[in-house]
Amino acid sequence: MRIPVMIPVVLSGGSGTRLWPLSRAKLPKQFATFLDESLMSKTLRRLTGLGSPWALTVRELEVLTGRVFGELGLPREQMLFEPLARNTAPAVALLCRVMELQGKSDAIAGVFPADHLVTKEANFLGAVKCAVAAAERGYVATLGIQPDHPATGFGYIETKSSAPVTKDSYQAHDVAGFREKPDRATAEGFLAAGRFFWNAGIFVFRVETMIGHFQRLMPELWTVMSELKPDLSNLRDVYARAPSVSIDYGIMEKLKEQVCVPCDIGWSDLGSWDDVAKLGHRLDNGAQAIEGAGATGNFAYSDEKKVFGFVGTEDLIVVDTVDATLIARKGKTQDVRSVVDQLMKAGNTSATEHRFELRPWGRFTILRDEAHFKSKIIVVDPKAQISYQSHAKRAEHWIFVKGSGEVILNDETIYVKDGSSVFIPLGAKHRVRNTGAEPLEFIEVQTGTYFGEDDIERYQDDYNRI
């Protein structure tokens, strides 16, 4: 029987811009599926070797987080939602306060980013267990990634030779300090020195120890957070008064009682398309890049099966989705935010949204969105149902193409299967329920005067959206 050594907590947020157009604000990179599964799923699976994981994320990502928790069979009560984005210090303080309220002050907690790739999982688990041993002795422990090149895009942790904690083949070294993202020459010096490690944003600590650090180093934040009630009914008010500060700046850069566990865990923060391109055959990529005359070093990614031809081009990265395409020179993809900023200023929804959207019950994809009609493909998961609802400004025509289920129309039950069709008049109460073991799929055509997702009045809902 596996014995949990800690409470692992996944921090999940982000604006979704760095891997645009695949990643967007409503589907940030930890939920994108450019690998065999999402980074969020990979992170949670990896952490189950340490304990039953929690997730701490923003309320806007509740549906996406809940779907992954459901797929992995994790308890939904271990999802904790921030009402507002307030950086990592308030997030960790919230976690500590909730655990204190639950009587878990003496527990060891670990905080892990949701969107990082780790390929050497045995090394990862060994390093974390060394960090746990350090946390049991009162330290806050970080994982320091062994650098393999003089990176200028990461912060560094400088270590001392002293190592007060050892577990198996890993040592937790005293920390000399945190170093800001360096210029090239400084990064080369860090690499040559051999005592500087990339800061991966992974922290392990005893909850009561971290609470003490908040009380001493960020007393205003902890005073506000200590007002949080056990039922979290005043969370929004408390969070609105919390300062937006990183845990690095607020705690770690001022802390003496900390250690760093250097490790090689096959780590990447996948911070740009340049990083993704290096994954090569590991990508779940529908693109086939054909390099013709005078073309070399080019990369293409698509979420659909497409052939991309390159002629006379060098080191280009092309990322293609249904509604947007990115073309960039290798080494420049970290500037993709400049494109997203222009789209947002123009009010273009492709900056933040895909044509598809995941819902608690399944998903839909927009086929056409015109002034006089809108069409979708809708997929309802097995044994799931949409809310019982009506629309004030549109009627809907449903044509079922796969699976079986039932439609409730003004309290009347209509059984449907592939080939069935149902008309939903304007104002009619309706829902669709998948009663089968495979996804229920149908095409929806909307007609009327307005087709926004806010034209919904719900009367009953399995997901508390009324």
# chains A, B, ... in the order shown; residues from 1 in each chain; ligands from 1
call {"tool": "residues_around", "arguments": {"residues": "range 136-146 of chain A", "least_positions_apart": "6", "cutoff": "8 Å", "atoms": "only C-alpha atoms", "output": "list in words"}}
result
Ile108, Ala127, Val128, Ile157, Ala172, Phe197, Trp198, Asn199, Ala200, Gly201, Ile202, Phe203, Val204, Phe205, Arg206, Thr209, Met210, Glu257, Gln258, Val259, Cys260, Val261, Pro262, Cys263, Asp264, Ile265 and Trp267 of chain A
call {"tool": "write_last_selection", "arguments": {"atoms": "N, CA and C atoms", "output": "PDB file, in the first residue's frame"}}
result
ATOM      1  N   ILE A 108       2.687  18.246   5.639  1.00  0.00           N
ATOM      2  CA  ILE A 108       3.663  18.730   4.662  1.00  0.00           C
ATOM      3  C   ILE A 108       2.926  18.957   3.351  1.00  0.00           C
ATOM      4  N   ALA A 127      13.692  13.570  -5.716  1.00  0.00           N
ATOM      5  CA  ALA A 127      14.029  14.923  -5.289  1.00  0.00           C
ATOM      6  C   ALA A 127      12.960  15.490  -4.358  1.00  0.00           C
ATOM      7  N   VAL A 128      11.682  15.229  -4.680  1.00  0.00           N
ATOM      8  CA  VAL A 128      10.612  15.745  -3.825  1.00  0.00           C
ATOM      9  C   VAL A 128      10.658  15.094  -2.446  1.00  0.00           C
ATOM     10  N   ILE A 157      18.492  29.941  -8.491  1.00  0.00           N
ATOM     11  CA  ILE A 157      18.711  29.792  -7.053  1.00  0.00           C
ATOM     12  C   ILE A 157      20.180  29.482  -6.844  1.00  0.00           C
ATOM     13  N   ALA A 172      19.811  18.346   0.099  1.00  0.00           N
ATOM     14  CA  ALA A 172      19.181  19.658   0.181  1.00  0.00           C
ATOM     15  C   ALA A 172      20.223  20.646   0.687  1.00  0.00           C
ATOM     16  N   PHE A 197      21.010  27.099  -9.961  1.00  0.00           N
ATOM     17  CA  PHE A 197      20.017  26.190 -10.532  1.00  0.00           C
ATOM     18  C   PHE A 197      18.754  26.966 -10.905  1.00  0.00           C
ATOM     19  N   TRP A 198      18.092  26.508 -11.973  1.00  0.00           N
ATOM     20  CA  TRP A 198      16.866  27.175 -12.405  1.00  0.00           C
ATOM     21  C   TRP A 198      15.779  27.032 -11.346  1.00  0.00           C
ATOM     22  N   ASN A 199      15.060  28.116 -11.133  1.00  0.00           N
ATOM     23  CA  ASN A 199      13.938  28.122 -10.191  1.00  0.00           C
ATOM     24  C   ASN A 199      12.684  27.636 -10.913  1.00  0.00           C
ATOM     25  N   ALA A 200      12.214  26.440 -10.567  1.00  0.00           N
ATOM     26  CA  ALA A 200      11.058  25.842 -11.246  1.00  0.00           C
ATOM     27  C   ALA A 200       9.742  26.202 -10.574  1.00  0.00           C
ATOM     28  N   GLY A 201       9.774  26.991  -9.506  1.00  0.00           N
ATOM     29  CA  GLY A 201       8.533  27.357  -8.828  1.00  0.00           C
ATOM     30  C   GLY A 201       7.901  26.220  -8.056  1.00  0.00           C
ATOM     31  N   ILE A 202       8.723  25.297  -7.553  1.00  0.00           N
ATOM     32  CA  ILE A 202       8.251  24.166  -6.754  1.00  0.00           C
ATOM     33  C   ILE A 202       8.705  24.371  -5.313  1.00  0.00           C
ATOM     34  N   PHE A 203       7.753  24.350  -4.369  1.00  0.00           N
ATOM     35  CA  PHE A 203       8.044  24.620  -2.964  1.00  0.00           C
ATOM     36  C   PHE A 203       7.425  23.533  -2.093  1.00  0.00           C
ATOM     37  N   VAL A 204       8.162  23.081  -1.090  1.00  0.00           N
ATOM     38  CA  VAL A 204       7.680  22.059  -0.154  1.00  0.00           C
ATOM     39  C   VAL A 204       7.898  22.593   1.262  1.00  0.00           C
ATOM     40  N   PHE A 205       6.871  22.473   2.118  1.00  0.00           N
ATOM     41  CA  PHE A 205       6.940  23.073   3.450  1.00  0.00           C
ATOM     42  C   PHE A 205       5.902  22.439   4.369  1.00  0.00           C
ATOM     43  N   ARG A 206       6.149  22.548   5.657  1.00  0.00           N
ATOM     44  CA  ARG A 206       5.106  22.229   6.622  1.00  0.00           C
ATOM     45  C   ARG A 206       4.171  23.431   6.701  1.00  0.00           C
ATOM     46  N   THR A 209       4.740  25.924   9.405  1.00  0.00           N
ATOM     47  CA  THR A 209       5.989  26.654   9.186  1.00  0.00           C
ATOM     48  C   THR A 209       5.767  27.822   8.237  1.00  0.00           C
ATOM     49  N   MET A 210       5.068  27.575   7.117  1.00  0.00           N
ATOM     50  CA  MET A 210       4.804  28.637   6.157  1.00  0.00           C
ATOM     51  C   MET A 210       3.889  29.702   6.751  1.00  0.00           C
ATOM     52  N   GLU A 257      15.603  30.257   6.437  1.00  0.00           N
ATOM     53  CA  GLU A 257      15.406  28.837   6.746  1.00  0.00           C
ATOM     54  C   GLU A 257      14.916  28.091   5.502  1.00  0.00           C
ATOM     55  N   GLN A 258      15.758  28.039   4.463  1.00  0.00           N
ATOM     56  CA  GLN A 258      15.345  27.359   3.248  1.00  0.00           C
ATOM     57  C   GLN A 258      16.522  26.599   2.639  1.00  0.00           C
ATOM     58  N   VAL A 259      16.172  25.557   1.893  1.00  0.00           N
ATOM     59  CA  VAL A 259      17.164  24.731   1.210  1.00  0.00           C
ATOM     60  C   VAL A 259      16.692  24.486  -0.217  1.00  0.00           C
ATOM     61  N   CYS A 260      17.617  24.036  -1.048  1.00  0.00           N
ATOM     62  CA  CYS A 260      17.329  23.734  -2.447  1.00  0.00           C
ATOM     63  C   CYS A 260      17.856  22.333  -2.761  1.00  0.00           C
ATOM     64  N   VAL A 261      17.023  21.543  -3.426  1.00  0.00           N
ATOM     65  CA  VAL A 261      17.418  20.197  -3.847  1.00  0.00           C
ATOM     66  C   VAL A 261      17.739  20.240  -5.345  1.00  0.00           C
ATOM     67  N   PRO A 262      19.024  20.248  -5.715  1.00  0.00           N
ATOM     68  CA  PRO A 262      19.366  20.218  -7.150  1.00  0.00           C
ATOM     69  C   PRO A 262      18.955  18.884  -7.768  1.00  0.00           C
ATOM     70  N   CYS A 263      18.457  18.930  -9.001  1.00  0.00           N
ATOM     71  CA  CYS A 263      17.998  17.691  -9.620  1.00  0.00           C
ATOM     72  C   CYS A 263      17.937  17.833 -11.140  1.00  0.00           C
ATOM     73  N   ASP A 264      18.016  16.697 -11.795  1.00  0.00           N
ATOM     74  CA  ASP A 264      17.813  16.598 -13.240  1.00  0.00           C
ATOM     75  C   ASP A 264      16.559  15.761 -13.436  1.00  0.00           C
ATOM     76  N   ILE A 265      15.431  16.415 -13.749  1.00  0.00           N
ATOM     77  CA  ILE A 265      14.153  15.713 -13.835  1.00  0.00           C
ATOM     78  C   ILE A 265      13.558  15.774 -15.253  1.00  0.00           C
ATOM     79  N   TRP A 267      13.156  18.517 -17.163  1.00  0.00           N
ATOM     80  CA  TRP A 267      12.186  19.593 -16.941  1.00  0.00           C
ATOM     81  C   TRP A 267      12.171  20.595 -18.084  1.00  0.00           C
TER      82      TRP A 267
END
call {"tool": "select_by_dssp", "arguments": {"residues": "range 120-184 of chain A", "states": "alpha helix (DSSP H)", "output": "PyMOL selection string"}}
result
chain A and resi 121-136+184
call {"tool": "closest_atom_pairs", "arguments": {"of": "range 67-121 of chain A", "to": "range 339-360 of chain A", "cutoff": "12 Å", "atoms": "only C-alpha atoms", "output": "tab-separated table"}}
result
residue	atom	partner	partner_atom	distance
A:Arg67	CA	A:Pro360	CA	6.6
A:Val68	CA	A:Pro360	CA	10.4
A:Phe69	CA	A:Pro360	CA	11.3
A:Gly70	CA	A:Pro360	CA	9.8
A:Glu71	CA	A:Pro360	CA	11.6
call {"tool": "write_last_selection", "arguments": {"atoms": "N, CA and C atoms", "output": "PDB file, in the first residue's frame"}}
result
ATOM      1  N   ARG A  67     -13.187  18.572 -15.124  1.00  0.00           N
ATOM      2  CA  ARG A  67     -13.178  17.480 -16.103  1.00  0.00           C
ATOM      3  C   ARG A  67     -11.952  16.595 -15.902  1.00  0.00           C
ATOM      4  N   VAL A  68     -10.785  17.204 -15.663  1.00  0.00           N
ATOM      5  CA  VAL A  68      -9.576  16.410 -15.460  1.00  0.00           C
ATOM      6  C   VAL A  68      -9.676  15.616 -14.155  1.00  0.00           C
ATOM      7  N   PHE A  69     -10.176  16.250 -13.097  1.00  0.00           N
ATOM      8  CA  PHE A  69     -10.346  15.533 -11.829  1.00  0.00           C
ATOM      9  C   PHE A  69     -11.292  14.344 -12.011  1.00  0.00           C
ATOM     10  N   GLY A  70     -12.358  14.551 -12.780  1.00  0.00           N
ATOM     11  CA  GLY A  70     -13.291  13.464 -13.018  1.00  0.00           C
ATOM     12  C   GLY A  70     -12.670  12.321 -13.797  1.00  0.00           C
ATOM     13  N   GLU A  71     -11.890  12.656 -14.824  1.00  0.00           N
ATOM     14  CA  GLU A  71     -11.235  11.637 -15.642  1.00  0.00           C
ATOM     15  C   GLU A  71     -10.252  10.805 -14.818  1.00  0.00           C
TER      16      GLU A  71
END
call {"tool": "residues_around", "arguments": {"residues": "Leu326 in chain A", "least_positions_apart": "6", "cutoff": "8 Å", "atoms": "only C-alpha atoms", "output": "PyMOL selection string"}}
result
chain A and resi 20-21+317-320
call {"tool": "closest_residue", "arguments": {"among": "A:Leu270, A:Leu255, A:Val132, A:Val432", "to": "Leu39 in chain A", "atoms": "only C-alpha atoms"}}
result
A:Leu270
call {"tool": "residues_around", "arguments": {"residues": "range 362-366 of chain A", "least_positions_apart": "4", "cutoff": "10 Å", "atoms": "only C-alpha atoms", "output": "PyMOL selection string"}}
result
chain A and resi 67+354-358+374-382+384-386+439-444
